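*Asks:* Once you've had a glance at the structure underneath, I'll fire off some questions.
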Amino acid sequence: MRHFGILCFSALLLAASGCATKATELPVRVDVNHEVDFRALKTFRPAAEMAEEAQAYPKLQRLAKNLVIEELISRGYQRLEDGTPDFRLRSHLRFNSYRSRKMGASKTTGETTMKADDQREVTLIVEIIGARDGKVYWSGFVSGFHLDPINAGKTLKAAARRLLREFPPLF
């Protein structure tokens, strides 16, 4: 019985440490077109939305798009409303749902209980697309974070900042 208690305690610690992922620790993947001179890219305009992705949680999709735009502007890029930009920006969220088990304790007996818990892991995807040729110059995604209704903006902003830390690429 003692080993079972130690095992349960270790599992709780491992689960708690896995849920406390900071934005700086989020996994990022990027794909770069090495033929592009990224130093010449200064202006952008948002690209057309992806119809399939835009249907899932449209308010969060708009929030993510606006936060990515804000992050690019804070890095010195200029958003154009008229004229031809250097690149187009496409961003969207992908939601992966899965069911997990959550350990707890019964309030009446104190015994260990397990209950189902729905989790939605979120991936932020950003693409930098050539305005003239339509080729993807840079794409990246950051994944492994969860959005809660209260801090969704803060979490998405941290994810956007973490992802765009890789743009423009250094080579």
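Residue numbering restarts at 1 for every chain of the structure tokens, chains are lettered A, B, ... in their displayed order, and ligands are numbered from 1 as they appear.
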Just want the 6 Å neighbourhood of segment 25-37 of chain A, counted on only C-alpha atoms, with same-chain residues fewer than 5 positions away dropped. Output as JSON, numbers by chain.
*Replies:* {"A": [137, 138, 139, 140, 141, 142]}
*Asks:* Report as a PyMOL selection string all protein, DNA and RNA residues lying within 12 Å of Ala48 of chain A, evaluated on only C-alpha atoms, omitting residues in the same chain fewer than 6 positions from it.
*Replies:* chain A and resi 54+65+88-92+127+129+131+134
*Asks:* Dump C-alpha atoms for the selected residues as a compact mmCIF listing (two decimals), in the first residue's frame?
*Replies:*
```
# COMPACT_ATOMS: atom_id res chain seq x y z
CA ALA A 54 -11.95 29.64 -39.22
CA LYS A 65 -4.79 36.74 -35.61
CA ARG A 88 0.90 38.23 -46.48
CA LEU A 89 0.31 36.88 -43.01
CA ARG A 90 -1.90 33.89 -42.29
CA SER A 91 -2.46 32.62 -38.76
CA HIS A 92 -4.90 30.18 -37.27
CA GLU A 127 2.55 31.42 -42.34
CA ILE A 129 3.43 34.10 -47.77
CA ALA A 131 2.51 38.66 -51.86
CA GLY A 134 2.12 33.15 -53.37
```
*Asks:* So that I can see what lies close to Arg161 of chain A, please list as a list in words the residues with an atom at most 9 Å from it, counting only C-alpha atoms and leaving out residues fewer than 5 positions away in the same chain.
*Replies:*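 These residues fall inside the cut-off: Ala23, Leu67, Val68, Glu71 and Leu156 of chain A.
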*Asks:* If you count only C-alpha atoms, which residues fall within 8 Å of Phe44 of chain A, apart from same-chain ones fewer than 3 positions away, as a PyMOL selection string?
*Replies:* chain A and resi 77-80+85-89
*Asks:* Restricting the calculation to only C-alpha atoms, which member of A:Arg120, A:Arg165, A:Arg75, A:Arg62 is positioned closest to Gly144 of chain A?
*Replies:*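 Of A:Arg120, A:Arg165, A:Arg75, A:Arg62, the one nearest Gly144 of chain A, counting only C-alpha atoms, is A:Arg120.
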*Asks:* Between A:Tyr57, A:Ile128, A:Leu63, A:Asp82, which one has atoms that come closest to Pro168 of chain A, using only C-alpha atoms?
*Replies:*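 Among the listed residues, A:Ile128 lies closest to Pro168 of chain A.
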*Asks:* Compare A:Thr84, A:Ser74, A:Phe167, A:Asp148 by their minimum atom-to-atom distance to Asp133 of chain A, counting only C-alpha atoms, and give me the closest one.
*Replies:*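 Counting only C-alpha atoms, the residue closest to Asp133 of chain A is A:Thr84.
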